[in-house]
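For reference, the structure discussed in these notes is given below.
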Amino acid sequence: MSRPFYNVNGPQGDGMACVLCGADFLKDKITSVEVGHNPLDDGSVYACKEPCARLLAEDAERMALEMRVVAGLDDVDVPVGDDDPVFCVDGHFGSLLRDLRTLAGTEALLATSDDNTTIRFLLSLTARHAETAMMRARLVLARTKPGARDGDA
Ligand SMILES: [Zn+2]
């Protein structure tokens with residue numbers, strides 16, 4: 001596996017313990033799966049199949065999504081409510097969902113980063129998207145207030 005795990009050492013770095021929860025594979029009867037490698041010696045590192053490997057896989061999916069959003073490659077499905085422009089993909093609600101997804105992806109990246117430059121970049125990303133998410137949430141709240149709609153009242 002190509003994913004590097006920088007923060008592991010001891011039994012975790014040697015592949016003898018789960019990189020996520022630290023479970024001892026020698027002592028406990030746990031099904032483990034390879035989830036990446038230790039960049040220090042290129043050895044494989046492992047995680048409990050359930051739930052740790054599943055959580056890592058979900059993190060990786062969130063990261064991939066976040067990278068697509070950041071890179072402007074975001075063509076993922078956004079739930080569409082009705083024809084109200086607030087809820088359409090290009091409306092405030094769609095943008096809000098993208099902000100929230102970016103924040104979720106940033107959280108996953110922050111949890112696995114130990115490089116100061118990366119962390120600072122992720123924190124600036126968090127600040128920006130948290131701010132726009134707040135504004136968009138307020139806009140959607142204002143637009144969806146009972147009586148505020150001028151269409152099908
Ligand atoms: Zn585990």
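Identifiers for the structure tokens are assigned positionally: chains receive A, B, ... in sequence, residues are indexed from 1 per chain, and ligands are indexed from 1 in the order shown.
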Could you list the protein, DNA and RNA residues that have any atom within 7 Å of ligand 1, counting only C-alpha atoms and all ligand atoms, and write them as a compact mmCIF listing (two decimals) with all heavy atoms, in the first residue's frame?
# COMPACT_ATOMS: atom_id res chain seq x y z
N CYS A 18 -2.25 -2.29 15.57
CA CYS A 18 -3.11 -1.47 14.71
C CYS A 18 -2.62 -0.02 14.73
O CYS A 18 -2.40 0.55 15.79
CB CYS A 18 -4.55 -1.55 15.21
SG CYS A 18 -5.69 -0.48 14.32
N VAL A 19 -2.46 0.58 13.53
CA VAL A 19 -1.97 1.96 13.46
C VAL A 19 -3.01 2.95 13.98
O VAL A 19 -2.70 4.08 14.30
CB VAL A 19 -1.59 2.37 12.02
CG1 VAL A 19 -0.30 1.72 11.59
CG2 VAL A 19 -2.71 2.07 11.04
N LEU A 20 -4.27 2.50 14.05
CA LEU A 20 -5.32 3.43 14.48
C LEU A 20 -5.59 3.30 15.98
O LEU A 20 -5.52 4.26 16.72
CB LEU A 20 -6.58 3.18 13.68
CG LEU A 20 -7.49 4.39 13.48
CD1 LEU A 20 -6.74 5.48 12.72
CD2 LEU A 20 -8.74 4.02 12.72
N CYS A 21 -5.92 2.09 16.45
CA CYS A 21 -6.33 1.94 17.84
C CYS A 21 -5.23 1.33 18.71
O CYS A 21 -5.36 1.28 19.93
CB CYS A 21 -7.60 1.09 17.93
SG CYS A 21 -7.33 -0.65 17.61
N GLY A 22 -4.15 0.86 18.09
CA GLY A 22 -3.04 0.34 18.87
C GLY A 22 -3.22 -1.09 19.36
O GLY A 22 -2.40 -1.58 20.13
N ALA A 23 -4.28 -1.77 18.92
CA ALA A 23 -4.51 -3.15 19.35
C ALA A 23 -3.30 -4.03 18.99
O ALA A 23 -2.72 -3.89 17.91
CB ALA A 23 -5.77 -3.70 18.68
N ALA A 47 -3.95 -2.49 10.17
CA ALA A 47 -5.03 -2.03 11.04
C ALA A 47 -6.03 -3.16 11.21
O ALA A 47 -6.11 -4.07 10.38
CB ALA A 47 -5.72 -0.80 10.45
N CYS A 48 -6.79 -3.11 12.32
CA CYS A 48 -7.89 -4.07 12.50
C CYS A 48 -8.82 -3.94 11.29
O CYS A 48 -9.11 -2.83 10.86
CB CYS A 48 -8.72 -3.75 13.73
SG CYS A 48 -7.78 -3.39 15.21
N PRO A 51 -13.09 -1.99 13.37
CA PRO A 51 -13.60 -0.99 12.44
C PRO A 51 -12.49 -0.15 11.82
O PRO A 51 -12.76 0.69 10.97
CB PRO A 51 -14.44 -0.11 13.37
CG PRO A 51 -13.68 -0.12 14.67
CD PRO A 51 -13.02 -1.49 14.75
N CYS A 52 -11.21 -0.38 12.24
CA CYS A 52 -10.17 0.60 11.91
C CYS A 52 -9.90 0.74 10.41
O CYS A 52 -9.80 1.86 9.90
CB CYS A 52 -8.91 0.27 12.67
SG CYS A 52 -9.17 0.34 14.46
Might you pull out every residue within 10 Å of segment 8-11 of chain A, with only C-alpha atoms counted and same-chain residues fewer than 3 positions away left off, and present them as a list in words?
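Contacts, with the query itself left out: Pro4, Phe5, Asp14, Gly15, Met16, Ala17, Cys18, Val19, Leu20, Gly22, Ala23, Asp24, Phe25, Leu26, His37, Asn38, Pro39, Leu40 and Val45 of chain A.
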Shell of 6 Å around Leu96 of chain A, only C-alpha atoms, local chain residues under 4 positions omitted, as a list in words
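Surrounding residues, per the criterion: His92, Ala133 and Arg136 of chain A.
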Would you write out those residues with C-alpha atoms, as a compact mmCIF listing (two decimals), in the first residue's frame?
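Result saved to part.txt:
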# COMPACT_ATOMS: atom_id res chain seq x y z
CA HIS A 92 -26.75 28.49 -1.68
CA ALA A 133 -20.72 27.89 5.43
CA ARG A 136 -24.69 30.39 3.37
Applying 12 Å and only C-alpha atoms, which residues near Leu125 of chain A remain after dropping the ones on its own chain fewer than 2 positions away? List them as a PDB file with N, CA, C and O atoms, in the first residue's frame.
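Contents of the output file part_7.pdb:
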ATOM      1  N   GLU A  66     -12.390  15.834  -0.841  1.00  0.00           N
ATOM      2  CA  GLU A  66     -11.914  17.162  -0.475  1.00  0.00           C
ATOM      3  C   GLU A  66     -10.930  17.683  -1.523  1.00  0.00           C
ATOM      4  O   GLU A  66     -10.982  18.847  -1.908  1.00  0.00           O
ATOM      5  N   MET A  67     -10.068  16.804  -2.005  1.00  0.00           N
ATOM      6  CA  MET A  67      -9.106  17.229  -3.025  1.00  0.00           C
ATOM      7  C   MET A  67      -9.822  17.641  -4.296  1.00  0.00           C
ATOM      8  O   MET A  67      -9.449  18.613  -4.943  1.00  0.00           O
ATOM      9  N   VAL A  69     -12.805  18.894  -4.457  1.00  0.00           N
ATOM     10  CA  VAL A  69     -13.443  20.178  -4.190  1.00  0.00           C
ATOM     11  C   VAL A  69     -12.414  21.297  -4.277  1.00  0.00           C
ATOM     12  O   VAL A  69     -12.622  22.306  -4.946  1.00  0.00           O
ATOM     13  N   VAL A  70     -11.279  21.103  -3.603  1.00  0.00           N
ATOM     14  CA  VAL A  70     -10.239  22.134  -3.576  1.00  0.00           C
ATOM     15  C   VAL A  70      -9.714  22.396  -4.987  1.00  0.00           C
ATOM     16  O   VAL A  70      -9.450  23.527  -5.367  1.00  0.00           O
ATOM     17  N   ASP A  99     -19.301  23.249   1.079  1.00  0.00           N
ATOM     18  CA  ASP A  99     -18.474  23.770   2.173  1.00  0.00           C
ATOM     19  C   ASP A  99     -18.362  22.745   3.294  1.00  0.00           C
ATOM     20  O   ASP A  99     -17.284  22.511   3.837  1.00  0.00           O
ATOM     21  N   LEU A 100     -19.503  22.145   3.639  1.00  0.00           N
ATOM     22  CA  LEU A 100     -19.509  21.184   4.750  1.00  0.00           C
ATOM     23  C   LEU A 100     -18.672  19.964   4.408  1.00  0.00           C
ATOM     24  O   LEU A 100     -17.974  19.414   5.253  1.00  0.00           O
ATOM     25  N   THR A 102     -16.146  19.932   2.360  1.00  0.00           N
ATOM     26  CA  THR A 102     -14.747  20.345   2.424  1.00  0.00           C
ATOM     27  C   THR A 102     -14.265  20.339   3.868  1.00  0.00           C
ATOM     28  O   THR A 102     -13.153  19.888   4.166  1.00  0.00           O
ATOM     29  N   LEU A 103     -15.129  20.808   4.782  1.00  0.00           N
ATOM     30  CA  LEU A 103     -14.748  20.825   6.198  1.00  0.00           C
ATOM     31  C   LEU A 103     -14.547  19.408   6.722  1.00  0.00           C
ATOM     32  O   LEU A 103     -13.604  19.143   7.475  1.00  0.00           O
ATOM     33  N   ALA A 104     -15.420  18.499   6.319  1.00  0.00           N
ATOM     34  CA  ALA A 104     -15.281  17.102   6.747  1.00  0.00           C
ATOM     35  C   ALA A 104     -13.973  16.520   6.206  1.00  0.00           C
ATOM     36  O   ALA A 104     -13.240  15.829   6.922  1.00  0.00           O
ATOM     37  N   GLY A 105     -13.666  16.832   4.945  1.00  0.00           N
ATOM     38  CA  GLY A 105     -12.418  16.354   4.358  1.00  0.00           C
ATOM     39  C   GLY A 105     -11.213  16.957   5.038  1.00  0.00           C
ATOM     40  O   GLY A 105     -10.200  16.288   5.265  1.00  0.00           O
ATOM     41  N   THR A 106     -11.322  18.244   5.396  1.00  0.00           N
ATOM     42  CA  THR A 106     -10.225  18.917   6.074  1.00  0.00           C
ATOM     43  C   THR A 106      -9.974  18.287   7.442  1.00  0.00           C
ATOM     44  O   THR A 106      -8.828  18.103   7.854  1.00  0.00           O
ATOM     45  N   GLU A 107     -11.055  17.943   8.115  1.00  0.00           N
ATOM     46  CA  GLU A 107     -10.930  17.284   9.425  1.00  0.00           C
ATOM     47  C   GLU A 107     -10.132  15.983   9.275  1.00  0.00           C
ATOM     48  O   GLU A 107      -9.230  15.703  10.062  1.00  0.00           O
ATOM     49  N   LEU A 109      -8.023  15.201   6.937  1.00  0.00           N
ATOM     50  CA  LEU A 109      -6.632  15.480   6.594  1.00  0.00           C
ATOM     51  C   LEU A 109      -5.859  15.988   7.808  1.00  0.00           C
ATOM     52  O   LEU A 109      -4.709  15.620   8.026  1.00  0.00           O
ATOM     53  N   LEU A 110      -6.531  16.836   8.610  1.00  0.00           N
ATOM     54  CA  LEU A 110      -5.872  17.367   9.814  1.00  0.00           C
ATOM     55  C   LEU A 110      -5.506  16.244  10.778  1.00  0.00           C
ATOM     56  O   LEU A 110      -4.460  16.285  11.430  1.00  0.00           O
ATOM     57  N   THR A 118       1.391  21.951   5.865  1.00  0.00           N
ATOM     58  CA  THR A 118       0.115  21.351   5.488  1.00  0.00           C
ATOM     59  C   THR A 118      -0.967  21.720   6.487  1.00  0.00           C
ATOM     60  O   THR A 118      -2.078  22.096   6.116  1.00  0.00           O
ATOM     61  N   ILE A 119      -0.629  21.621   7.777  1.00  0.00           N
ATOM     62  CA  ILE A 119      -1.613  21.916   8.819  1.00  0.00           C
ATOM     63  C   ILE A 119      -2.070  23.368   8.722  1.00  0.00           C
ATOM     64  O   ILE A 119      -3.259  23.669   8.797  1.00  0.00           O
ATOM     65  N   ARG A 120      -1.117  24.273   8.481  1.00  0.00           N
ATOM     66  CA  ARG A 120      -1.479  25.690   8.371  1.00  0.00           C
ATOM     67  C   ARG A 120      -2.375  25.933   7.156  1.00  0.00           C
ATOM     68  O   ARG A 120      -3.325  26.697   7.215  1.00  0.00           O
ATOM     69  N   PHE A 121      -2.059  25.259   6.047  1.00  0.00           N
ATOM     70  CA  PHE A 121      -2.905  25.376   4.858  1.00  0.00           C
ATOM     71  C   PHE A 121      -4.313  24.865   5.146  1.00  0.00           C
ATOM     72  O   PHE A 121      -5.309  25.494   4.798  1.00  0.00           O
ATOM     73  N   LEU A 122      -4.383  23.702   5.824  1.00  0.00           N
ATOM     74  CA  LEU A 122      -5.690  23.105   6.132  1.00  0.00           C
ATOM     75  C   LEU A 122      -6.482  24.009   7.078  1.00  0.00           C
ATOM     76  O   LEU A 122      -7.705  24.132   6.953  1.00  0.00           O
ATOM     77  N   LEU A 123      -5.785  24.654   8.025  1.00  0.00           N
ATOM     78  CA  LEU A 123      -6.482  25.533   8.960  1.00  0.00           C
ATOM     79  C   LEU A 123      -7.022  26.774   8.252  1.00  0.00           C
ATOM     80  O   LEU A 123      -8.126  27.244   8.551  1.00  0.00           O
ATOM     81  N   ALA A 127     -10.907  27.830   8.067  1.00  0.00           N
ATOM     82  CA  ALA A 127     -11.429  29.155   8.406  1.00  0.00           C
ATOM     83  C   ALA A 127     -12.283  29.698   7.270  1.00  0.00           C
ATOM     84  O   ALA A 127     -13.388  30.210   7.488  1.00  0.00           O
ATOM     85  N   ARG A 128     -11.779  29.536   6.039  1.00  0.00           N
ATOM     86  CA  ARG A 128     -12.489  30.093   4.882  1.00  0.00           C
ATOM     87  C   ARG A 128     -13.828  29.397   4.685  1.00  0.00           C
ATOM     88  O   ARG A 128     -14.863  30.037   4.514  1.00  0.00           O
ATOM     89  N   HIS A 129     -13.809  28.063   4.703  1.00  0.00           N
ATOM     90  CA  HIS A 129     -15.043  27.332   4.420  1.00  0.00           C
ATOM     91  C   HIS A 129     -16.024  27.404   5.580  1.00  0.00           C
ATOM     92  O   HIS A 129     -17.236  27.384   5.376  1.00  0.00           O
ATOM     93  N   ALA A 130     -15.512  27.487   6.816  1.00  0.00           N
ATOM     94  CA  ALA A 130     -16.411  27.629   7.961  1.00  0.00           C
ATOM     95  C   ALA A 130     -17.144  28.965   7.867  1.00  0.00           C
ATOM     96  O   ALA A 130     -18.343  29.063   8.143  1.00  0.00           O
ATOM     97  N   GLU A 131     -16.420  29.988   7.438  1.00  0.00           N
ATOM     98  CA  GLU A 131     -17.007  31.314   7.319  1.00  0.00           C
ATOM     99  C   GLU A 131     -18.077  31.347   6.219  1.00  0.00           C
ATOM    100  O   GLU A 131     -19.185  31.833   6.437  1.00  0.00           O
ATOM    101  N   THR A 132     -17.749  30.796   5.044  1.00  0.00           N
ATOM    102  CA  THR A 132     -18.737  30.811   3.973  1.00  0.00           C
ATOM    103  C   THR A 132     -19.910  29.892   4.317  1.00  0.00           C
ATOM    104  O   THR A 132     -21.051  30.191   3.978  1.00  0.00           O
ATOM    105  N   ALA A 133     -19.631  28.778   5.027  1.00  0.00           N
ATOM    106  CA  ALA A 133     -20.723  27.885   5.431  1.00  0.00           C
ATOM    107  C   ALA A 133     -21.681  28.628   6.353  1.00  0.00           C
ATOM    108  O   ALA A 133     -22.909  28.501   6.225  1.00  0.00           O
TER     109      ALA A 133
END
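In this comparison, which uses only C-alpha atoms, the residue of A:Asp41, A:Ala111, A:Ala137, A:Lys49 approaching Met63 of chain A most closely is A:Ala111.
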What are the DSSP alpha helix (DSSP H) residues of segment 17-69 of chain A, as a PyMOL selection string?
chain A and resi 54-69
Pull the strand (DSSP E) assignments for segment 16-149 of chain A out of DSSP run on the backbone, and list those residues as a list in words.
Ser32, Val33, Glu34, Val35, Gly36, His37, Asn38, Gly43, Ser44, Val45, Tyr46, Ala47 and Cys48 of chain A
With distances taken over only C-alpha atoms, which residue among A:Thr31, A:Lys145, A:Arg138, A:Ala108 lies nearest Leu55 of chain A?
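Of A:Thr31, A:Lys145, A:Arg138, A:Ala108, the one nearest Leu55 of chain A, counting only C-alpha atoms, is A:Ala108.
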How many Å separate atom CA of Ala53 of chain A from atom CA of Ala71 of chain A?
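Atom CA of Ala53 of chain A sits 26.7 Å away from atom CA of Ala71 of chain A.
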